[in-house]
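Undergrad: One structure coming up, written as structure tokens, with questions to follow.
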Amino acid sequence: MKHRLTILVLFLLGASLMPGCSKSFLNRPPLGAPTSGTFYATDAEILEGTGPLYDGSWGGYNGTSLQYIGDIMGGNSTTDNYQGRGAYLNFAVNSTDPSGALQSAYQALWSVIANANVVASNIKNAGSGASAAGKNEGLAECYFQRAAAYYYLTLIWGQVPIIYDNINQLSDTTVHRALLTDAWQFQINDLTWCAQNLPAVPVQPGRITKWSAEGMLARAYMVRSGLTGTGGQRNAADLDSALKYGLDVAQNSGATLDPSYYDLFTSGSFSGSKVPSECLFALLWVPNGGYSEQNHMQANLAYSALITQTGDGWGAAFGGSPSLMDWYFNVEPNDTLRRRATVFMPNSFYPDINKAAGGWLVDSTLFNNAAITFPGQQGNGYGSDHAYVKKYVIGSPADNGGIGGTQSENLNTYIFRLDDVYLNLAETILGNNASTSDPQALQYFNAIRTRAGLTTKASITFADILAEKKAEFAFEGHAYYDWKEWYYFDPTDALAYFSNQNRGNYNITYNGGNSFITFFGSNGLPPGPVTYPVTVQTANLPYPEAELLVSPALAEAPVAFDFSKVKYN
């Protein structure tokens, strides 16, 4: 995707960069920025103006923050305590988080909102050469991005301010945190407008459509049903709305699941103009572009620099968590297709990695040995005592048509896939029942399992759906947010789930054609799991200390939001 980055007002949030600013989530664009009336003169310029909303704005969330919050805290990834990141494993993140992931997520998500709001303001004031339809489609892209950022903000921090106009709200002394129900209503309003104004077919590969908006609208209603329900029961009206929009996407969008789960995470399947049908919203990166346009995921996740061949590959501390590995070894040992795409297992061969040398064999000897083992060679390679991350690890530039480089891989980042819609539909139909054998619920739930090569189920529970989400979206930054949705309507069981989840260590050994896993307890001794309690106080993450200093209103009580102030066009 061609970007003219100079046209986008990129915001730098935070006290260190905005001295004297009392609200870091409200930042005025630089005075030298192009004026909207002279800049967006045509539909083509509007399209170009919304392009950077798909990458640079999200840069600080993609990678470390997505991984630490979504997967480490969500219970899908192991980690060590380098720069304090172990706090995401044991629910001990504080406002001064030394890893930087907390501040980075906060700044990035507000940057998405700020950029979306400013581009929307420019579109509203576009010249006469821009059509009404072109303006509305551009505005819908902005509001979709804003709603997507609010999804994360509300689930991470709970009550947050509602910012719909970064320029005019800067002087508004009444800006406070909004009620949680109002923040979800704001998302629903945004997405509803987007569904009415986005095209059914993407104007460029990877661009969002009305189906993207309807899918995320269905999710928003489903999540909110737990917040607006009572007595552990989800709100029936919200479930009905979630079902309506989810079914419309599933039945009428024409989107289909890609036949190969593995290929979803290779550059040949999802880069440039190649976008899988099931992708409803993704971050669209520009390999070898500017730093903020590049995808840094592989640099953080690859367990060896020999994989990337670009000097990065710092992910040796990460890998499948004990609970994820328990799924693969004990609960669903036949889930080998997704396992292969998700984690590097000992003695596994990957022909798409290090192609020039014949492929990549994950040796079963000790990890600290010297060289990588290739086909035809003996042992003496990088081995594995746990399952390292494979998803989003695609190899060197030479493995990917010469595209990529240091902290830059030729792969986009999935945010929302058709799989989400299918599993959310199953959950919506389940509703407040303990289990369901509803044909539609089973149809969409089993479609996910069938692609994974697993047997279908004749009846499903919430636990089945949550487990399927855990396996389907591992290392895509989902697990914490899926848990938080559960926490809304059943906090007692949700807290117990995380508090009793094994977050300790394990060892994988390879012998006679089979891999064996041993889970370790404290002090490296079996058999007990290592658990950490999560409480009502730690279910949300704290606001970064730097933000509390410049935005003292974050510590004040939330107030009801006046929705009459929001104008969409």
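All residue names refer to the structure tokens as shown: chains lettered A, B, ... in order, residues numbered from 1 in each chain, ligands numbered from 1 in order.
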Find the spatial neighbours of stretch 201-207 of chain A, counting only C-alpha atoms, within a cut-off of 8 Å - ignore same-chain residues fewer than 2 positions away - and output them as a short mmCIF file (atom, residue, chain, number, x, y, z; two decimals) with N, CA and C atoms, in the first residue's frame.
TA:
```
data_model
loop_
_atom_site.label_atom_id
_atom_site.label_comp_id
_atom_site.auth_asym_id
_atom_site.auth_seq_id
_atom_site.Cartn_x
_atom_site.Cartn_y
_atom_site.Cartn_z
N PRO A 199 -17.91 0.14 2.13
CA PRO A 199 -18.30 -0.68 0.98
C PRO A 199 -18.32 -2.16 1.32
N THR A 209 -14.19 -3.35 5.29
CA THR A 209 -15.47 -3.31 4.59
C THR A 209 -16.60 -3.25 5.62
N GLY A 272 1.42 -7.63 0.86
CA GLY A 272 1.12 -6.88 -0.35
C GLY A 272 -0.34 -7.03 -0.73
N SER A 273 -0.58 -7.48 -1.95
CA SER A 273 -1.95 -7.62 -2.45
C SER A 273 -2.57 -8.96 -2.10
N LYS A 274 -1.83 -9.82 -1.41
CA LYS A 274 -2.34 -11.14 -1.05
C LYS A 274 -2.94 -11.08 0.35
N VAL A 275 -4.25 -11.09 0.41
CA VAL A 275 -4.95 -10.99 1.69
C VAL A 275 -5.96 -12.12 1.76
N CYS A 279 -9.59 -12.60 6.44
CA CYS A 279 -9.06 -11.43 7.13
C CYS A 279 -10.06 -10.28 7.04
N LEU A 280 -10.61 -9.87 8.16
CA LEU A 280 -11.57 -8.78 8.20
C LEU A 280 -10.95 -7.46 8.63
N PHE A 281 -9.86 -7.50 9.38
CA PHE A 281 -9.13 -6.29 9.75
C PHE A 281 -7.72 -6.69 10.13
N ALA A 282 -6.76 -6.00 9.52
CA ALA A 282 -5.36 -6.26 9.81
C ALA A 282 -4.58 -4.96 9.77
N LEU A 284 -1.56 -3.21 8.15
CA LEU A 284 -0.94 -3.42 6.84
C LEU A 284 0.41 -2.72 6.80
#
```
Undergrad: Which of stretch 332-497 of chain A end up as strand (DSSP E or B) when DSSP is run on this backbone - answer as number ranges by chain?
TA: A: 343-344, 349-350, 360-361, 373, 388-389, 405, 408, 413-417, 435-436, 460-461
Undergrad: Do a neighbour search on A:Gly431 at 12 Å with only C-alpha atoms, toss out local chain neighbours closer than 5 positions, and write the hits as JSON, numbers by chain.
TA: {"A": [222, 223, 225, 226, 229, 232, 233, 234, 235, 236, 237, 238, 239, 240, 242, 243, 424, 425, 426, 436, 438, 441, 460, 461, 462, 465, 486, 489]}
Undergrad: Which residues in stretch 87-119 of chain A does DSSP call helix (DSSP H, G or I)? List them as a PyMOL selection string.
TA: chain A and resi 87-88+101-119
Undergrad: Using only C-alpha atoms, which residue out of A:Ala195, A:Ile162, A:Leu337, A:Val93 lies closest to A:Ala218?
TA: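 Using only C-alpha atoms, A:Ala218 sits closest to A:Ala195.
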Undergrad: For A:Tyr497, work out the shell of residues within 12 Å, counting only C-alpha atoms and skipping chain neighbours fewer than 4 positions away, then give it as a list in words.
TA: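 Non-adjacent residues within range: Gly74, Gly75, Ser323, Ala463, Leu466, Ala467, Tyr480, Trp483, Lys484, Trp486, Tyr487, Asp490, Pro491, Thr492, Asp493, Gln501, Asn502, Arg503, Thr531, Tyr532, Pro533, Val534 and Thr535 of chain A.
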Undergrad: If we count only C-alpha atoms, what is near A:His386 at a cut-off of 9 Å, once residues fewer than 4 positions away on the same chain are taken out, given as a PDB file with N, CA, C and O atoms, in the first residue's frame?
TA:
```
ATOM      1  N   PHE A 318      10.431 -16.730  25.125  1.00  0.00           N
ATOM      2  CA  PHE A 318       9.003 -16.907  24.897  1.00  0.00           C
ATOM      3  C   PHE A 318       8.711 -18.280  24.296  1.00  0.00           C
ATOM      4  O   PHE A 318       9.575 -18.910  23.706  1.00  0.00           O
ATOM      5  N   GLY A 319       7.476 -18.697  24.446  1.00  0.00           N
ATOM      6  CA  GLY A 319       7.058 -19.976  23.881  1.00  0.00           C
ATOM      7  C   GLY A 319       5.691 -20.351  24.398  1.00  0.00           C
ATOM      8  O   GLY A 319       5.073 -19.627  25.179  1.00  0.00           O
ATOM      9  N   GLY A 320       5.213 -21.492  23.941  1.00  0.00           N
ATOM     10  CA  GLY A 320       3.920 -21.967  24.405  1.00  0.00           C
ATOM     11  C   GLY A 320       3.896 -22.124  25.911  1.00  0.00           C
ATOM     12  O   GLY A 320       4.809 -22.688  26.508  1.00  0.00           O
ATOM     13  N   SER A 321       2.850 -21.627  26.550  1.00  0.00           N
ATOM     14  CA  SER A 321       2.712 -21.716  28.004  1.00  0.00           C
ATOM     15  C   SER A 321       2.386 -23.150  28.415  1.00  0.00           C
ATOM     16  O   SER A 321       1.990 -23.977  27.582  1.00  0.00           O
ATOM     17  N   PHE A 344       7.375 -23.933  17.600  1.00  0.00           N
ATOM     18  CA  PHE A 344       8.442 -24.817  17.143  1.00  0.00           C
ATOM     19  C   PHE A 344       8.578 -25.966  18.137  1.00  0.00           C
ATOM     20  O   PHE A 344       8.911 -25.746  19.302  1.00  0.00           O
ATOM     21  N   MET A 345       8.351 -27.170  17.693  1.00  0.00           N
ATOM     22  CA  MET A 345       8.508 -28.332  18.557  1.00  0.00           C
ATOM     23  C   MET A 345       9.855 -29.007  18.288  1.00  0.00           C
ATOM     24  O   MET A 345      10.365 -28.975  17.162  1.00  0.00           O
ATOM     25  N   PRO A 346      10.464 -29.628  19.311  1.00  0.00           N
ATOM     26  CA  PRO A 346      11.715 -30.363  19.093  1.00  0.00           C
ATOM     27  C   PRO A 346      11.573 -31.393  17.978  1.00  0.00           C
ATOM     28  O   PRO A 346      10.540 -32.041  17.843  1.00  0.00           O
ATOM     29  N   ASN A 505       7.036 -23.759  34.659  1.00  0.00           N
ATOM     30  CA  ASN A 505       7.956 -24.207  33.624  1.00  0.00           C
ATOM     31  C   ASN A 505       7.638 -25.639  33.198  1.00  0.00           C
ATOM     32  O   ASN A 505       6.893 -26.357  33.860  1.00  0.00           O
ATOM     33  N   TYR A 506       8.236 -26.031  32.097  1.00  0.00           N
ATOM     34  CA  TYR A 506       8.107 -27.409  31.631  1.00  0.00           C
ATOM     35  C   TYR A 506       9.327 -27.740  30.797  1.00  0.00           C
ATOM     36  O   TYR A 506      10.107 -26.867  30.403  1.00  0.00           O
ATOM     37  N   ASN A 507       9.483 -29.000  30.513  1.00  0.00           N
ATOM     38  CA  ASN A 507      10.600 -29.451  29.688  1.00  0.00           C
ATOM     39  C   ASN A 507      10.077 -30.436  28.659  1.00  0.00           C
ATOM     40  O   ASN A 507       9.277 -31.322  28.973  1.00  0.00           O
ATOM     41  N   ILE A 508      10.531 -30.260  27.410  1.00  0.00           N
ATOM     42  CA  ILE A 508      10.164 -31.193  26.347  1.00  0.00           C
ATOM     43  C   ILE A 508      11.393 -32.015  25.987  1.00  0.00           C
ATOM     44  O   ILE A 508      12.462 -31.469  25.727  1.00  0.00           O
ATOM     45  N   THR A 509      11.242 -33.304  25.987  1.00  0.00           N
ATOM     46  CA  THR A 509      12.324 -34.189  25.559  1.00  0.00           C
ATOM     47  C   THR A 509      11.845 -35.000  24.361  1.00  0.00           C
ATOM     48  O   THR A 509      10.652 -35.256  24.195  1.00  0.00           O
ATOM     49  N   ILE A 517       6.532 -34.263  27.507  1.00  0.00           N
ATOM     50  CA  ILE A 517       6.544 -33.010  28.246  1.00  0.00           C
ATOM     51  C   ILE A 517       6.435 -33.294  29.733  1.00  0.00           C
ATOM     52  O   ILE A 517       5.679 -34.175  30.169  1.00  0.00           O
TER      53      ILE A 517
END
```
Undergrad: Give the answer as one residue: which of A:Ile394, A:Leu454, A:Thr174, A:Asn168 has the shortest atom-to-atom distance to A:Glu556, using only C-alpha atoms?
TA: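 Of A:Ile394, A:Leu454, A:Thr174, A:Asn168, the one nearest A:Glu556, counting only C-alpha atoms, is A:Thr174.
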Undergrad: My list of candidates is A:Ala316, A:Ala479, A:Ala126, A:Ile307. Which is closest to A:Asp399 when distances are computed with only C-alpha atoms?
TA: A:Ile307
Undergrad: Considering only C-alpha atoms, can you say which of A:Tyr444, A:Tyr40, A:Trp193, A:Trp314 comes closest to A:Lys135?
TA: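 Looking only at the distances to A:Lys135, the closest residue turns out to be A:Tyr40.
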Undergrad: Skipping near chain neighbours, those fewer than 4 positions away, what residues fall within 10 Å of A:Asn189 using only C-alpha atoms, listed as a PyMOL selection string?
TA: chain A and resi 143+147+183-185+193-194+217+563+566+568
Undergrad: Can you write out the residues you just picked, keeping N, CA, C and O atoms, as a PDB file, in the first residue's frame?
TA:
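Dumped everything to out-v2.pdb:
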```
ATOM      1  N   TYR A 143     -13.524   6.108  11.901  1.00  0.00           N
ATOM      2  CA  TYR A 143     -14.297   5.718  13.085  1.00  0.00           C
ATOM      3  C   TYR A 143     -14.121   4.235  13.408  1.00  0.00           C
ATOM      4  O   TYR A 143     -14.196   3.839  14.584  1.00  0.00           O
ATOM      5  N   ALA A 147     -12.886   2.915  17.009  1.00  0.00           N
ATOM      6  CA  ALA A 147     -13.593   1.884  17.776  1.00  0.00           C
ATOM      7  C   ALA A 147     -12.670   0.727  18.118  1.00  0.00           C
ATOM      8  O   ALA A 147     -12.734   0.167  19.221  1.00  0.00           O
ATOM      9  N   ALA A 183     -18.587   3.913  27.298  1.00  0.00           N
ATOM     10  CA  ALA A 183     -17.463   3.634  26.397  1.00  0.00           C
ATOM     11  C   ALA A 183     -17.826   2.536  25.405  1.00  0.00           C
ATOM     12  O   ALA A 183     -17.448   2.597  24.227  1.00  0.00           O
ATOM     13  N   TRP A 184     -18.568   1.530  25.861  1.00  0.00           N
ATOM     14  CA  TRP A 184     -19.001   0.472  24.944  1.00  0.00           C
ATOM     15  C   TRP A 184     -20.087   0.976  23.994  1.00  0.00           C
ATOM     16  O   TRP A 184     -20.119   0.598  22.821  1.00  0.00           O
ATOM     17  N   GLN A 185     -20.962   1.850  24.488  1.00  0.00           N
ATOM     18  CA  GLN A 185     -21.970   2.420  23.599  1.00  0.00           C
ATOM     19  C   GLN A 185     -21.317   3.262  22.514  1.00  0.00           C
ATOM     20  O   GLN A 185     -21.755   3.267  21.357  1.00  0.00           O
ATOM     21  N   TRP A 193     -22.319   3.149  12.489  1.00  0.00           N
ATOM     22  CA  TRP A 193     -22.178   4.127  11.404  1.00  0.00           C
ATOM     23  C   TRP A 193     -21.252   3.586  10.319  1.00  0.00           C
ATOM     24  O   TRP A 193     -21.505   3.747   9.125  1.00  0.00           O
ATOM     25  N   CYS A 194     -20.183   2.917  10.748  1.00  0.00           N
ATOM     26  CA  CYS A 194     -19.240   2.341   9.785  1.00  0.00           C
ATOM     27  C   CYS A 194     -19.911   1.275   8.922  1.00  0.00           C
ATOM     28  O   CYS A 194     -19.695   1.219   7.699  1.00  0.00           O
ATOM     29  N   LEU A 217     -18.913  -5.257  15.333  1.00  0.00           N
ATOM     30  CA  LEU A 217     -20.120  -4.816  16.027  1.00  0.00           C
ATOM     31  C   LEU A 217     -20.783  -5.980  16.750  1.00  0.00           C
ATOM     32  O   LEU A 217     -21.241  -5.843  17.897  1.00  0.00           O
ATOM     33  N   PHE A 563     -23.693  12.055  24.470  1.00  0.00           N
ATOM     34  CA  PHE A 563     -23.542  11.545  23.110  1.00  0.00           C
ATOM     35  C   PHE A 563     -24.013  12.536  22.054  1.00  0.00           C
ATOM     36  O   PHE A 563     -23.674  12.390  20.876  1.00  0.00           O
ATOM     37  N   VAL A 566     -21.355  14.188  19.602  1.00  0.00           N
ATOM     38  CA  VAL A 566     -20.636  13.467  18.550  1.00  0.00           C
ATOM     39  C   VAL A 566     -21.365  13.621  17.223  1.00  0.00           C
ATOM     40  O   VAL A 566     -22.541  13.260  17.094  1.00  0.00           O
ATOM     41  N   TYR A 568     -21.055  12.678  13.130  1.00  0.00           N
ATOM     42  CA  TYR A 568     -20.342  11.733  12.272  1.00  0.00           C
ATOM     43  C   TYR A 568     -20.002  12.283  10.892  1.00  0.00           C
ATOM     44  O   TYR A 568     -19.051  11.821  10.265  1.00  0.00           O
TER      45      TYR A 568
END
```
Undergrad: From the options A:Asn412, A:Asn300, A:Asn94, A:Thr228, which residue's atoms come nearest to A:Pro276, counting only C-alpha atoms?
TA: A:Asn412
Undergrad: Record the distance separating atom CA of A:Val550 and atom CA of A:Gly63, expressed in Å with one decimal.
TA: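 Value for the atom CA of A:Val550-atom CA of A:Gly63 distance: 26.2 Å.
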Undergrad: Could you tell me which of A:Phe39, A:Ser65, A:Ala120, A:Gly51 comes closest to A:Ser99 if we count only C-alpha atoms?
TA: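 Of all the options, A:Ser65 lies closest to A:Ser99.
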